[in-house]
file upload.cif (mmCIF, C-alpha atoms and all ligand atoms)
data_data
loop_
_atom_site.group_PDB
_atom_site.id
_atom_site.type_symbol
_atom_site.label_atom_id
_atom_site.label_comp_id
_atom_site.auth_asym_id
_atom_site.auth_seq_id
_atom_site.Cartn_x
_atom_site.Cartn_y
_atom_site.Cartn_z
ATOM 1 C CA MET Q 250 -11.129 -7.426 -20.634
ATOM 2 C CA THR Q 251 -12.957 -8.132 -17.360
ATOM 3 C CA LYS Q 252 -12.503 -5.818 -14.405
ATOM 4 C CA PRO Q 253 -10.316 -7.309 -11.671
ATOM 5 C CA THR Q 254 -12.036 -7.532 -8.270
ATOM 6 C CA LYS Q 255 -9.474 -9.229 -6.023
ATOM 7 C CA ALA Q 256 -6.875 -7.378 -3.998
ATOM 8 C CA VAL Q 257 -3.818 -8.731 -2.211
ATOM 9 C CA ILE Q 258 -2.405 -6.787 0.743
ATOM 10 C CA PRO Q 259 0.965 -8.087 1.972
ATOM 11 C CA VAL Q 260 1.413 -7.376 5.690
ATOM 12 C CA ALA Q 261 3.957 -10.032 6.662
ATOM 13 C CA GLY Q 262 7.046 -7.778 6.788
ATOM 14 C CA LEU Q 263 8.997 -7.284 9.999
ATOM 15 C CA GLY Q 264 8.823 -3.468 10.054
ATOM 16 C CA THR Q 265 12.418 -3.044 11.203
ATOM 17 C CA ARG Q 266 12.537 0.646 10.200
ATOM 18 C CA PHE Q 267 9.960 1.398 12.890
ATOM 19 C CA LEU Q 268 11.567 -0.416 15.824
ATOM 20 C CA PRO Q 269 11.092 -0.461 18.738
ATOM 21 C CA ALA Q 270 7.373 0.363 18.169
ATOM 22 C CA THR Q 271 7.035 -2.699 15.942
ATOM 23 C CA LYS Q 272 8.714 -5.174 18.268
ATOM 24 C CA ALA Q 273 5.369 -6.602 19.412
ATOM 25 C CA MET Q 274 2.906 -4.693 17.190
ATOM 26 C CA PRO Q 275 2.498 -4.884 13.400
ATOM 27 C CA LYS Q 276 3.590 -1.614 11.771
ATOM 28 C CA GLU Q 277 0.361 -1.699 9.742
ATOM 29 C CA MET Q 278 -1.532 -1.248 13.042
ATOM 30 C CA LEU Q 279 0.216 2.026 13.982
ATOM 31 C CA PRO Q 280 -2.517 4.687 14.146
ATOM 32 C CA LEU Q 281 -2.644 7.623 11.771
ATOM 33 C CA VAL Q 282 -4.785 9.982 13.910
ATOM 34 C CA ASP Q 283 -7.368 7.416 15.085
ATOM 35 C CA LYS Q 284 -7.329 4.670 12.445
ATOM 36 C CA PRO Q 285 -4.597 2.081 11.925
ATOM 37 C CA VAL Q 286 -2.584 2.532 8.722
ATOM 38 C CA ILE Q 287 -4.017 -0.678 7.267
ATOM 39 C CA GLN Q 288 -7.607 0.588 7.551
ATOM 40 C CA TYR Q 289 -6.866 3.444 5.125
ATOM 41 C CA VAL Q 290 -5.436 0.876 2.688
ATOM 42 C CA VAL Q 291 -8.429 -1.470 2.955
ATOM 43 C CA GLU Q 292 -10.852 1.462 2.557
ATOM 44 C CA GLU Q 293 -8.999 2.491 -0.614
ATOM 45 C CA ALA Q 294 -9.283 -1.049 -2.030
ATOM 46 C CA VAL Q 295 -13.002 -1.289 -1.265
ATOM 47 C CA ARG Q 296 -13.892 2.154 -2.659
ATOM 48 C CA SER Q 297 -11.970 1.266 -5.840
ATOM 49 C CA GLY Q 298 -14.124 -1.839 -6.383
ATOM 50 C CA TYR Q 299 -11.875 -4.480 -4.789
ATOM 51 C CA GLU Q 300 -14.185 -6.148 -2.263
ATOM 52 C CA ASP Q 301 -12.368 -9.508 -2.116
ATOM 53 C CA ILE Q 302 -9.232 -8.909 -0.143
ATOM 54 C CA LEU Q 303 -6.465 -11.308 0.835
ATOM 55 C CA PHE Q 304 -4.048 -10.361 3.602
ATOM 56 C CA VAL Q 305 -0.707 -12.124 3.318
ATOM 57 C CA THR Q 306 0.177 -12.269 7.004
ATOM 58 C CA GLY Q 307 2.885 -13.653 9.231
ATOM 59 C CA ARG Q 308 3.617 -14.506 12.831
ATOM 60 C CA ASP Q 309 2.424 -11.980 15.451
ATOM 61 C CA LYS Q 310 -0.057 -10.245 13.126
ATOM 62 C CA TYR Q 311 -3.194 -11.259 15.063
ATOM 63 C CA ALA Q 312 -4.005 -7.637 15.937
ATOM 64 C CA LEU Q 313 -4.664 -7.073 12.242
ATOM 65 C CA GLU Q 314 -7.111 -9.956 11.990
ATOM 66 C CA ASN Q 315 -8.904 -8.825 15.164
ATOM 67 C CA HIS Q 316 -9.226 -5.271 13.855
ATOM 68 C CA PHE Q 317 -11.309 -6.397 10.870
ATOM 69 C CA ASP Q 318 -13.380 -8.898 12.883
ATOM 70 C CA SER Q 319 -16.466 -8.009 14.906
ATOM 71 C CA SER Q 320 -15.944 -7.461 18.623
ATOM 72 C CA THR Q 321 -19.041 -8.644 20.506
ATOM 73 C CA ALA Q 322 -17.907 -7.450 23.946
ATOM 74 C CA LEU Q 323 -17.002 -3.949 22.707
ATOM 75 C CA GLU Q 324 -20.180 -3.633 20.645
ATOM 76 C CA SER Q 325 -22.417 -4.706 23.571
ATOM 77 C CA HIS Q 326 -20.636 -2.229 25.830
ATOM 78 C CA LEU Q 327 -21.114 0.697 23.418
ATOM 79 C CA GLU Q 328 -24.733 -0.298 22.791
ATOM 80 C CA ALA Q 329 -25.485 -0.461 26.543
ATOM 81 C CA LYS Q 330 -23.974 3.019 26.959
ATOM 82 C CA GLY Q 331 -26.021 4.320 24.046
ATOM 83 C CA ASP Q 332 -22.810 5.417 22.272
ATOM 84 C CA LEU Q 333 -24.243 4.705 18.853
ATOM 85 C CA ALA Q 334 -21.769 6.797 16.844
ATOM 86 C CA ARG Q 335 -18.780 4.793 18.123
ATOM 87 C CA LEU Q 336 -20.763 1.555 17.809
ATOM 88 C CA ARG Q 337 -21.313 2.308 14.118
ATOM 89 C CA GLN Q 338 -17.615 3.130 13.683
ATOM 90 C CA VAL Q 339 -16.445 -0.228 15.016
ATOM 91 C CA GLN Q 340 -19.127 -2.136 13.119
ATOM 92 C CA GLU Q 341 -18.195 -0.446 9.834
ATOM 93 C CA VAL Q 342 -14.617 -1.723 10.126
ATOM 94 C CA SER Q 343 -15.729 -5.354 10.358
ATOM 95 C CA GLU Q 344 -18.077 -4.869 7.397
ATOM 96 C CA LEU Q 345 -15.316 -3.645 5.050
ATOM 97 C CA GLY Q 346 -15.047 -6.086 2.121
ATOM 98 C CA ASN Q 347 -14.646 -9.876 2.308
ATOM 99 C CA ILE Q 348 -11.341 -10.421 4.024
ATOM 100 C CA HIS Q 349 -9.310 -13.622 3.689
ATOM 101 C CA TYR Q 350 -5.938 -14.595 5.119
ATOM 102 C CA VAL Q 351 -2.950 -16.641 4.064
ATOM 103 C CA ARG Q 352 0.344 -16.991 5.915
ATOM 104 C CA GLN Q 353 3.534 -16.185 3.993
ATOM 105 C CA GLY Q 354 5.644 -18.630 6.035
ATOM 106 C CA GLY Q 355 8.566 -16.265 6.655
ATOM 107 C CA ALA Q 356 9.276 -12.736 5.435
ATOM 108 C CA ARG Q 357 11.187 -13.723 2.294
ATOM 109 C CA GLY Q 358 10.415 -10.617 0.294
ATOM 110 C CA LEU Q 359 7.516 -8.818 -1.353
ATOM 111 C CA GLY Q 360 7.629 -11.077 -4.439
ATOM 112 C CA HIS Q 361 7.397 -14.138 -2.213
ATOM 113 C CA ALA Q 362 4.449 -12.578 -0.327
ATOM 114 C CA VAL Q 363 2.585 -11.807 -3.577
ATOM 115 C CA HIS Q 364 3.194 -15.338 -4.860
ATOM 116 C CA ALA Q 365 1.655 -16.720 -1.626
ATOM 117 C CA ALA Q 366 -1.635 -15.356 -3.047
ATOM 118 C CA HIS Q 367 -1.586 -17.519 -6.190
ATOM 119 C CA SER Q 368 -4.427 -19.886 -5.135
ATOM 120 C CA PHE Q 369 -6.607 -16.881 -4.221
ATOM 121 C CA THR Q 370 -5.991 -14.969 -7.442
ATOM 122 C CA SER Q 371 -5.997 -18.126 -9.620
ATOM 123 C CA ASP Q 372 -6.152 -17.119 -13.307
ATOM 124 C CA GLU Q 373 -7.465 -13.581 -12.683
ATOM 125 C CA ALA Q 374 -5.675 -10.238 -12.729
ATOM 126 C CA PHE Q 375 -5.493 -8.689 -9.262
ATOM 127 C CA ALA Q 376 -4.501 -5.546 -7.386
ATOM 128 C CA VAL Q 377 -1.679 -5.368 -4.846
ATOM 129 C CA LEU Q 378 -1.685 -2.632 -2.202
ATOM 130 C CA LEU Q 379 1.240 -2.410 0.192
ATOM 131 C CA GLY Q 380 -0.056 -2.422 3.740
ATOM 132 C CA ASP Q 381 2.094 0.512 4.855
ATOM 133 C CA ASP Q 382 1.605 2.814 1.856
ATOM 134 C CA VAL Q 383 -1.129 5.439 2.306
ATOM 135 C CA THR Q 384 -2.584 7.703 -0.377
ATOM 136 C CA GLU Q 385 -4.838 10.706 0.272
ATOM 137 C CA GLU Q 386 -8.305 9.638 1.332
ATOM 138 C CA ASN Q 387 -10.163 10.479 -1.885
ATOM 139 C CA SER Q 388 -7.483 9.366 -4.332
ATOM 140 C CA ASP Q 389 -8.721 7.579 -7.468
ATOM 141 C CA LEU Q 390 -5.277 6.118 -8.257
ATOM 142 C CA LEU Q 391 -6.335 2.478 -8.068
ATOM 143 C CA GLU Q 392 -9.388 3.096 -10.256
ATOM 144 C CA VAL Q 393 -7.268 4.840 -12.900
ATOM 145 C CA MET Q 394 -4.744 1.976 -12.777
ATOM 146 C CA THR Q 395 -7.576 -0.535 -13.212
ATOM 147 C CA GLN Q 396 -8.843 1.323 -16.284
ATOM 148 C CA VAL Q 397 -5.344 1.410 -17.776
ATOM 149 C CA HIS Q 398 -4.967 -2.317 -17.120
ATOM 150 C CA MET Q 399 -8.293 -3.038 -18.856
ATOM 151 C CA ARG Q 400 -7.306 -0.868 -21.829
ATOM 152 C CA THR Q 401 -3.765 -2.216 -22.278
ATOM 153 C CA GLY Q 402 -3.833 -5.721 -20.746
ATOM 154 C CA ALA Q 403 -0.473 -4.870 -19.136
ATOM 155 C CA ASN Q 404 0.743 -5.115 -15.561
ATOM 156 C CA VAL Q 405 0.375 -1.632 -14.109
ATOM 157 C CA VAL Q 406 2.602 0.000 -11.487
ATOM 158 C CA ALA Q 407 2.037 3.313 -9.702
ATOM 159 C CA LEU Q 408 4.754 5.955 -10.058
ATOM 160 C CA VAL Q 409 5.623 9.237 -8.413
ATOM 161 C CA GLU Q 410 8.061 11.814 -9.776
ATOM 162 C CA VAL Q 411 10.800 12.522 -7.224
ATOM 163 C CA PRO Q 412 13.663 15.042 -7.272
ATOM 164 C CA ASN Q 413 16.845 13.570 -8.792
ATOM 165 C CA GLU Q 414 18.707 13.721 -5.466
ATOM 166 C CA GLU Q 415 16.128 11.349 -3.904
ATOM 167 C CA ILE Q 416 15.834 8.707 -6.619
ATOM 168 C CA HIS Q 417 18.532 6.501 -5.010
ATOM 169 C CA LYS Q 418 16.040 5.630 -2.249
ATOM 170 C CA TYR Q 419 13.516 4.069 -4.647
ATOM 171 C CA GLY Q 420 12.869 1.448 -7.276
ATOM 172 C CA CYS Q 421 13.118 3.450 -10.496
ATOM 173 C CA ILE Q 422 11.769 2.763 -13.995
ATOM 174 C CA LYS Q 423 13.349 3.023 -17.418
ATOM 175 C CA PRO Q 424 10.660 4.485 -19.689
ATOM 176 C CA SER Q 425 10.357 3.284 -23.268
ATOM 177 C CA GLY Q 426 8.521 6.411 -24.403
ATOM 178 C CA ALA Q 427 7.171 9.718 -23.172
ATOM 179 C CA GLU Q 428 4.436 10.094 -20.556
ATOM 180 C CA VAL Q 429 1.051 10.401 -22.305
ATOM 181 C CA ASP Q 430 -1.972 11.408 -20.213
ATOM 182 C CA GLY Q 431 -0.243 10.173 -17.056
ATOM 183 C CA VAL Q 432 0.626 6.758 -18.554
ATOM 184 C CA ILE Q 433 4.122 5.627 -19.447
ATOM 185 C CA ALA Q 434 5.436 2.408 -21.066
ATOM 186 C CA ILE Q 435 8.236 0.733 -19.125
ATOM 187 C CA SER Q 436 11.205 -1.197 -20.540
ATOM 188 C CA ASP Q 437 13.097 -1.946 -17.308
ATOM 189 C CA PHE Q 438 13.397 -1.328 -13.566
ATOM 190 C CA VAL Q 439 16.496 -0.340 -11.579
ATOM 191 C CA GLU Q 440 16.437 -0.802 -7.791
ATOM 192 C CA LYS Q 441 17.898 2.154 -5.855
ATOM 193 C CA PRO Q 442 20.096 3.573 -8.652
ATOM 194 C CA LYS Q 443 22.863 6.122 -8.075
ATOM 195 C CA ASN Q 444 21.348 9.570 -8.689
ATOM 196 C CA SER Q 445 23.733 10.115 -11.621
ATOM 197 C CA GLU Q 446 22.797 6.771 -13.238
ATOM 198 C CA ALA Q 447 19.006 6.767 -12.774
ATOM 199 C CA PRO Q 448 17.178 6.173 -16.085
ATOM 200 C CA SER Q 449 14.326 8.489 -14.982
ATOM 201 C CA ASN Q 450 12.889 10.379 -12.008
ATOM 202 C CA TYR Q 451 9.884 8.054 -11.777
ATOM 203 C CA ALA Q 452 9.839 5.999 -8.568
ATOM 204 C CA VAL Q 453 7.624 2.963 -7.970
ATOM 205 C CA ILE Q 454 5.131 3.166 -5.064
ATOM 206 C CA GLY Q 455 3.002 0.481 -3.418
ATOM 207 C CA ARG Q 456 0.077 -0.022 -5.799
ATOM 208 C CA TYR Q 457 0.025 -2.586 -8.619
ATOM 209 C CA ILE Q 458 -2.423 -4.326 -10.953
ATOM 210 C CA LEU Q 459 -0.861 -7.640 -11.940
ATOM 211 C CA ASN Q 460 -1.669 -10.272 -14.532
ATOM 212 C CA PRO Q 461 -1.922 -13.892 -13.344
ATOM 213 C CA GLY Q 462 1.196 -14.634 -15.460
ATOM 214 C CA ILE Q 463 3.278 -12.761 -12.867
ATOM 215 C CA HIS Q 464 2.997 -15.833 -10.611
ATOM 216 C CA HIS Q 465 4.942 -17.908 -13.136
ATOM 217 C CA LEU Q 466 7.730 -15.309 -13.109
ATOM 218 C CA LEU Q 467 7.701 -15.136 -9.291
ATOM 219 C CA ALA Q 468 7.806 -18.913 -8.950
ATOM 220 C CA ASN Q 469 11.030 -18.921 -10.983
ATOM 221 C CA GLN Q 470 12.499 -15.736 -9.543
ATOM 222 C CA ALA Q 471 15.906 -16.100 -7.854
ATOM 223 C CA PRO Q 472 16.471 -14.115 -4.633
ATOM 224 C CA GLY Q 473 17.642 -10.567 -5.334
ATOM 225 C CA ALA Q 474 18.475 -7.587 -3.077
ATOM 226 C CA GLY Q 475 18.759 -8.604 0.592
ATOM 227 C CA GLY Q 476 18.499 -12.280 -0.385
ATOM 228 C CA GLU Q 477 14.720 -11.788 -0.831
ATOM 229 C CA ILE Q 478 12.373 -12.626 -3.712
ATOM 230 C CA GLN Q 479 11.713 -9.164 -5.137
ATOM 231 C CA LEU Q 480 8.516 -8.245 -6.983
ATOM 232 C CA THR Q 481 10.526 -5.610 -8.857
ATOM 233 C CA ASP Q 482 12.809 -8.322 -10.322
ATOM 234 C CA ALA Q 483 9.822 -10.229 -11.741
ATOM 235 C CA LEU Q 484 8.343 -6.976 -13.108
ATOM 236 C CA ALA Q 485 11.722 -6.096 -14.652
ATOM 237 C CA LYS Q 486 11.693 -9.411 -16.519
ATOM 238 C CA ALA Q 487 8.094 -8.815 -17.634
ATOM 239 C CA ALA Q 488 9.098 -5.342 -18.888
ATOM 240 C CA ARG Q 489 12.379 -6.351 -20.588
ATOM 241 C CA GLU Q 490 11.048 -9.467 -22.306
ATOM 242 C CA ASN Q 491 7.461 -8.306 -22.718
ATOM 243 C CA GLU Q 492 6.260 -11.288 -20.688
ATOM 244 C CA ALA Q 493 2.979 -11.637 -18.773
ATOM 245 C CA GLY Q 494 1.590 -8.629 -20.709
ATOM 246 C CA GLY Q 495 4.514 -6.219 -20.221
ATOM 247 C CA VAL Q 496 4.426 -3.289 -17.796
ATOM 248 C CA VAL Q 497 3.113 0.271 -17.907
ATOM 249 C CA GLY Q 498 3.146 2.956 -15.220
ATOM 250 C CA VAL Q 499 0.456 5.374 -14.039
ATOM 251 C CA VAL Q 500 1.870 8.599 -12.609
ATOM 252 C CA PHE Q 501 0.302 9.665 -9.304
ATOM 253 C CA ARG Q 502 0.435 13.373 -8.449
ATOM 254 C CA GLY Q 503 -1.541 13.325 -5.204
ATOM 255 C CA GLU Q 504 -0.377 12.984 -1.617
ATOM 256 C CA ARG Q 505 1.118 9.651 -0.583
ATOM 257 C CA TYR Q 506 3.150 8.479 2.390
ATOM 258 C CA ASP Q 507 5.252 5.435 3.232
ATOM 259 C CA ALA Q 508 3.946 4.977 6.773
ATOM 260 C CA GLY Q 509 6.686 2.411 7.453
ATOM 261 C CA ASP Q 510 9.176 5.308 7.528
ATOM 262 C CA LYS Q 511 9.222 7.445 10.703
ATOM 263 C CA LEU Q 512 9.417 10.892 9.082
ATOM 264 C CA GLU Q 513 6.798 10.052 6.436
ATOM 265 C CA PHE Q 514 4.560 8.677 9.196
ATOM 266 C CA LEU Q 515 4.756 11.977 11.088
ATOM 267 C CA LYS Q 516 3.958 13.952 7.928
ATOM 268 C CA ALA Q 517 0.964 11.702 7.190
ATOM 269 C CA THR Q 518 -0.326 12.189 10.736
ATOM 270 C CA VAL Q 519 -0.176 15.987 10.446
ATOM 271 C CA LEU Q 520 -1.699 15.999 6.962
ATOM 272 C CA LEU Q 521 -4.623 13.742 7.852
ATOM 273 C CA ALA Q 522 -5.295 15.526 11.151
ATOM 274 C CA SER Q 523 -5.140 18.948 9.466
ATOM 275 C CA LYS Q 524 -7.981 17.929 7.143
ATOM 276 C CA ARG Q 525 -10.275 16.895 10.005
ATOM 277 C CA ASP Q 526 -12.999 19.305 11.135
ATOM 278 C CA ASP Q 527 -12.691 18.130 14.750
ATOM 279 C CA LEU Q 528 -8.875 18.431 14.971
ATOM 280 C CA GLY Q 529 -7.575 20.508 12.042
ATOM 281 C CA PRO Q 530 -8.231 24.099 13.227
ATOM 282 C CA ASP Q 531 -6.773 23.553 16.739
ATOM 283 C CA LEU Q 532 -3.824 21.537 15.422
ATOM 284 C CA MET Q 533 -2.939 24.158 12.780
ATOM 285 C CA ALA Q 534 -3.168 27.011 15.302
ATOM 286 C CA TRP Q 535 -0.876 25.094 17.670
ATOM 287 C CA LEU Q 536 1.553 24.235 14.851
ATOM 288 C CA LYS Q 537 1.849 27.901 13.820
ATOM 289 C CA ASP Q 538 2.639 28.921 17.439
ATOM 290 C CA PHE Q 539 5.027 26.003 17.825
ATOM 291 C CA ILE Q 540 6.988 26.900 14.690
ATOM 292 C CA ALA Q 541 7.031 30.605 15.568
ATOM 293 C CA SER Q 542 8.430 29.788 19.011
ATOM 294 C CA ARG Q 543 11.365 27.650 17.744
HETATM 295 P P1 LIG B 601 8.576 -3.206 3.334
HETATM 296 O O1 LIG B 601 9.890 -3.562 2.790
HETATM 297 O O2 LIG B 601 8.235 -1.766 3.506
HETATM 298 O O3 LIG B 601 8.300 -3.929 4.731
HETATM 299 O O4 LIG B 601 7.470 -3.953 2.522
HETATM 300 P P2 LIG B 601 9.214 -4.446 5.863
HETATM 301 O O5 LIG B 601 10.186 -5.435 5.367
HETATM 302 O O6 LIG B 601 8.260 -4.889 6.931
HETATM 303 O O7 LIG B 601 9.893 -3.078 6.342
HETATM 304 P P3 LIG B 601 11.251 -2.704 7.017
HETATM 305 O O8 LIG B 601 12.121 -2.271 5.876
HETATM 306 O O9 LIG B 601 11.764 -3.921 7.765
HETATM 307 O O10 LIG B 601 10.901 -1.596 7.947
HETATM 308 C C1 LIG B 601 6.254 -3.345 2.071
HETATM 309 C C2 LIG B 601 5.034 -4.187 2.452
HETATM 310 O O11 LIG B 601 5.218 -5.553 2.097
HETATM 311 C C3 LIG B 601 5.044 -6.400 3.201
HETATM 312 C C4 LIG B 601 5.232 -5.510 4.441
HETATM 313 O O12 LIG B 601 4.448 -6.001 5.540
HETATM 314 C C5 LIG B 601 4.767 -4.147 3.960
HETATM 315 O O13 LIG B 601 3.390 -3.934 4.186
HETATM 316 N N1 LIG B 601 6.015 -7.530 3.142
HETATM 317 C C6 LIG B 601 7.332 -7.295 2.961
HETATM 318 C C7 LIG B 601 5.543 -8.827 3.269
HETATM 319 O O14 LIG B 601 4.327 -9.058 3.420
HETATM 320 N N2 LIG B 601 6.440 -9.861 3.229
HETATM 321 C C8 LIG B 601 7.771 -9.660 3.066
HETATM 322 O O15 LIG B 601 8.525 -10.661 3.042
HETATM 323 C C9 LIG B 601 8.232 -8.334 2.923
#

call {"tool": "encode", "arguments": {"input": "upload.cif", "output": "C-alpha cells", "more": "lines below"}}
Ligand code: UTP
result
Amino acid sequence: MTKPTKAVIPVAGLGTRFLPATKAMPKEMLPLVDKPVIQYVVEEAVRSGYEDILFVTGRDKYALENHFDSSTALESHLEAKGDLARLRQVQEVSELGNIHYVRQGGARGLGHAVHAAHSFTSDEAFAVLLGDDVTEENSDLLEVMTQVHMRTGANVVALVEVPNEEIHKYGCIKPSGAEVDGVIAISDFVEKPKNSEAPSNYAVIGRYILNPGIHHLLANQAPGAGGEIQLTDALAKAARENEAGGVVGVVFRGERYDAGDKLEFLKATVLLASKRDDLGPDLMAWLKDFIASR
C-alpha cells in the first residue's frame, strides 16, 4: 500500500466557543506563545511526511493565507536591520510544505469541509488534521497512524482515553476487540454519549487517515447533529458496515489540546511556554509564586 502524502486541514469553522476573540480573527490564528495555533498543525503534517497540504477555508480567513505566504515588506525590513534570526523565522513559515486552498462555501460541518477536498485528494488516501487541535511538538502520532493505515488499509482515527465522567463531551468509539499495541478495531461511533451509556472511554481527537472511499459516504451523508454534515456519521457507517476499508483507532498517550476551547488553550500556552529555554524558567518561577500567593 502506498504511503499517503496529502493532508487536508479544515479551517472554515466559525470558532463560536472563542468569541469575542474570533469575531474578526480566525481561531486558528490565535497565538500559542508566539506561533499561531495553525502553524503547529502544519509543522506536524510536514514533519510526518505530508508536504502537500490543502486548507479548507471560509470567509474572513485571509490572515491564515497571509501567514503562510512570503511577506516582502517585512523581510526587506528585517534584512535592512540585520535581524537575520527573525528574518529566517518568517521565511521558514512560508517555506512549510506546498499549501493549497479551497473554499468550503459555508460552515456546514466537518464532514462537508472534508468532502470539499475531494478533487485534491482524488483517488488517494489522505490525512486530516483539525486546525485547532494541537499535539506536543515532537509527537509521532500521525506517523504511527500512517503506518497502521498502510498495514491494515483501514481508515484510522486518533483516540485518547478520558475519565468516564468526561466522555459525554466527546465523540466516543465502540471497540470490536481489545486494544493491541495501541491499536483498536472499531465497530461504531457514538457522539457525546451519556457517561452511563458510553461504549468505551476512548474519545476521538482531530487526526485521521482516510481512504478515498470516505468521499462517497460523505456525498450521501444526511445532516446530523446541529444540522451539519458530520465526519463521525460517515465513519460510523464505514465502521458498522465495513465500508471504505472499515475503521481502526490509534491510541495517543501524549499531550494534546483543543485550542478552540478557552481552558484548553490556556493549558496549552502554559505547557508550551514552560518547555521553552527563553521563557520556561521565569514563567515557572512566577507560576509557583502566583499559586503560593492565592
Ligand atoms: P470545530 O467544531 O471545533 O470548529 O471544528 P468550529 O465550528 O469553528 O468551533 P466552535 O464550536 O464554533 O467554537 C474543528 C475544525 O474543523 C473546522 C474548524 O475550523 C476547526 O478547525 N470546520 C468545522 C470547518 O472547516 N468547517 C465546518 O463546517 C466546521

call {"tool": "closest_residue", "arguments": {"input": "upload.cif", "among": "Q:His398, Q:Lys443, Q:Arg357, Q:Arg525", "to": "ligand LIG 601 (chain B)", "atoms": "all atoms listed in the file"}}
result
Q:Arg357

call {"tool": "residues_near_ligand", "arguments": {"input": "upload.cif", "ligand": "ligand LIG 601 (chain B)", "cutoff": "6 Å", "atoms": "only C-alpha atoms and all ligand atoms", "output": "list in words"}}
result
Pro259, Val260, Ala261, Gly262, Leu263, Gly264, Thr265, Arg266, Phe267, Val305, Ala356, Arg357, Gly358, Leu359, Ala362, Leu379, Gly380, Asp381 and Gly509 of chain Q

call {"tool": "write_last_selection", "arguments": {"input": "upload.cif", "atoms": "C-alpha atoms", "output": "PDB file, in the frame of the given file"}}
result
ATOM      1  CA  PRO Q 259       0.965  -8.087   1.972  1.00  0.00           C
ATOM      2  CA  VAL Q 260       1.413  -7.376   5.690  1.00  0.00           C
ATOM      3  CA  ALA Q 261       3.957 -10.032   6.662  1.00  0.00           C
ATOM      4  CA  GLY Q 262       7.046  -7.778   6.788  1.00  0.00           C
ATOM      5  CA  LEU Q 263       8.997  -7.284   9.999  1.00  0.00           C
ATOM      6  CA  GLY Q 264       8.823  -3.468  10.054  1.00  0.00           C
ATOM      7  CA  THR Q 265      12.418  -3.044  11.203  1.00  0.00           C
ATOM      8  CA  ARG Q 266      12.537   0.646  10.200  1.00  0.00           C
ATOM      9  CA  PHE Q 267       9.960   1.398  12.890  1.00  0.00           C
ATOM     10  CA  VAL Q 305      -0.707 -12.124   3.318  1.00  0.00           C
ATOM     11  CA  ALA Q 356       9.276 -12.736   5.435  1.00  0.00           C
ATOM     12  CA  ARG Q 357      11.187 -13.723   2.294  1.00  0.00           C
ATOM     13  CA  GLY Q 358      10.415 -10.617   0.294  1.00  0.00           C
ATOM     14  CA  LEU Q 359       7.516  -8.818  -1.353  1.00  0.00           C
ATOM     15  CA  ALA Q 362       4.449 -12.578  -0.327  1.00  0.00           C
ATOM     16  CA  LEU Q 379       1.240  -2.410   0.192  1.00  0.00           C
ATOM     17  CA  GLY Q 380      -0.056  -2.422   3.740  1.00  0.00           C
ATOM     18  CA  ASP Q 381       2.094   0.512   4.855  1.00  0.00           C
ATOM     19  CA  GLY Q 509       6.686   2.411   7.453  1.00  0.00           C
TER      20      GLY Q 509
END

call {"tool": "atom_distance", "arguments": {"input": "upload.cif", "atom1": "CA of Asp510 in chain Q", "atom2": "CA of Ile454 in chain Q"}}
result
13.4 Å

call {"tool": "residues_near_point", "arguments": {"input": "upload.cif", "point": "(-2.1, -14.8, -17.6)", "cutoff": "12 Å", "atoms": "all atoms listed in the file", "output": "VMD selection string"}}
result
chain Q and resid 367 370 to 375 402 to 404 459 to 466 487 492 to 495

call {"tool": "write_last_selection", "arguments": {"input": "upload.cif", "atoms": "C-alpha atoms", "output": "PDB file, keeping the file's coordinate frame"}}
result
ATOM      1  CA  HIS Q 367      -1.586 -17.519  -6.190  1.00  0.00           C
ATOM      2  CA  THR Q 370      -5.991 -14.969  -7.442  1.00  0.00           C
ATOM      3  CA  SER Q 371      -5.997 -18.126  -9.620  1.00  0.00           C
ATOM      4  CA  ASP Q 372      -6.152 -17.119 -13.307  1.00  0.00           C
ATOM      5  CA  GLU Q 373      -7.465 -13.581 -12.683  1.00  0.00           C
ATOM      6  CA  ALA Q 374      -5.675 -10.238 -12.729  1.00  0.00           C
ATOM      7  CA  PHE Q 375      -5.493  -8.689  -9.262  1.00  0.00           C
ATOM      8  CA  GLY Q 402      -3.833  -5.721 -20.746  1.00  0.00           C
ATOM      9  CA  ALA Q 403      -0.473  -4.870 -19.136  1.00  0.00           C
ATOM     10  CA  ASN Q 404       0.743  -5.115 -15.561  1.00  0.00           C
ATOM     11  CA  LEU Q 459      -0.861  -7.640 -11.940  1.00  0.00           C
ATOM     12  CA  ASN Q 460      -1.669 -10.272 -14.532  1.00  0.00           C
ATOM     13  CA  PRO Q 461      -1.922 -13.892 -13.344  1.00  0.00           C
ATOM     14  CA  GLY Q 462       1.196 -14.634 -15.460  1.00  0.00           C
ATOM     15  CA  ILE Q 463       3.278 -12.761 -12.867  1.00  0.00           C
ATOM     16  CA  HIS Q 464       2.997 -15.833 -10.611  1.00  0.00           C
ATOM     17  CA  HIS Q 465       4.942 -17.908 -13.136  1.00  0.00           C
ATOM     18  CA  LEU Q 466       7.730 -15.309 -13.109  1.00  0.00           C
ATOM     19  CA  ALA Q 487       8.094  -8.815 -17.634  1.00  0.00           C
ATOM     20  CA  GLU Q 492       6.260 -11.288 -20.688  1.00  0.00           C
ATOM     21  CA  ALA Q 493       2.979 -11.637 -18.773  1.00  0.00           C
ATOM     22  CA  GLY Q 494       1.590  -8.629 -20.709  1.00  0.00           C
ATOM     23  CA  GLY Q 495       4.514  -6.219 -20.221  1.00  0.00           C
TER      24      GLY Q 495
END

call {"tool": "closest_residue", "arguments": {"input": "upload.cif", "among": "Q:Asp482, Q:Asp507, Q:Asp283, Q:Asp309", "to": "Gly354 in chain Q", "atoms": "all atoms listed in the file"}}
result
Q:Asp309

call {"tool": "residues_around", "arguments": {"input": "upload.cif", "residues": "Val342 in chain Q", "least_positions_apart": "2", "cutoff": "12 Å", "atoms": "all atoms listed in the file", "output": "ChimeraX atom specification"}}
result
/Q:284-285,287-289,291-292,295,313-320,335-340,344-348

call {"tool": "closest_residue", "arguments": {"input": "upload.cif", "among": "Q:Val429, Q:Ala483, Q:Val411, Q:Val257", "to": "Asn450 in chain Q", "atoms": "only C-alpha atoms"}}
result
Q:Val411

call {"tool": "closest_residue", "arguments": {"input": "upload.cif", "among": "Q:Ala522, Q:Ala517, Q:Ile422, Q:Val500", "to": "Ala488 in chain Q", "atoms": "only C-alpha atoms"}}
result
Q:Ile422
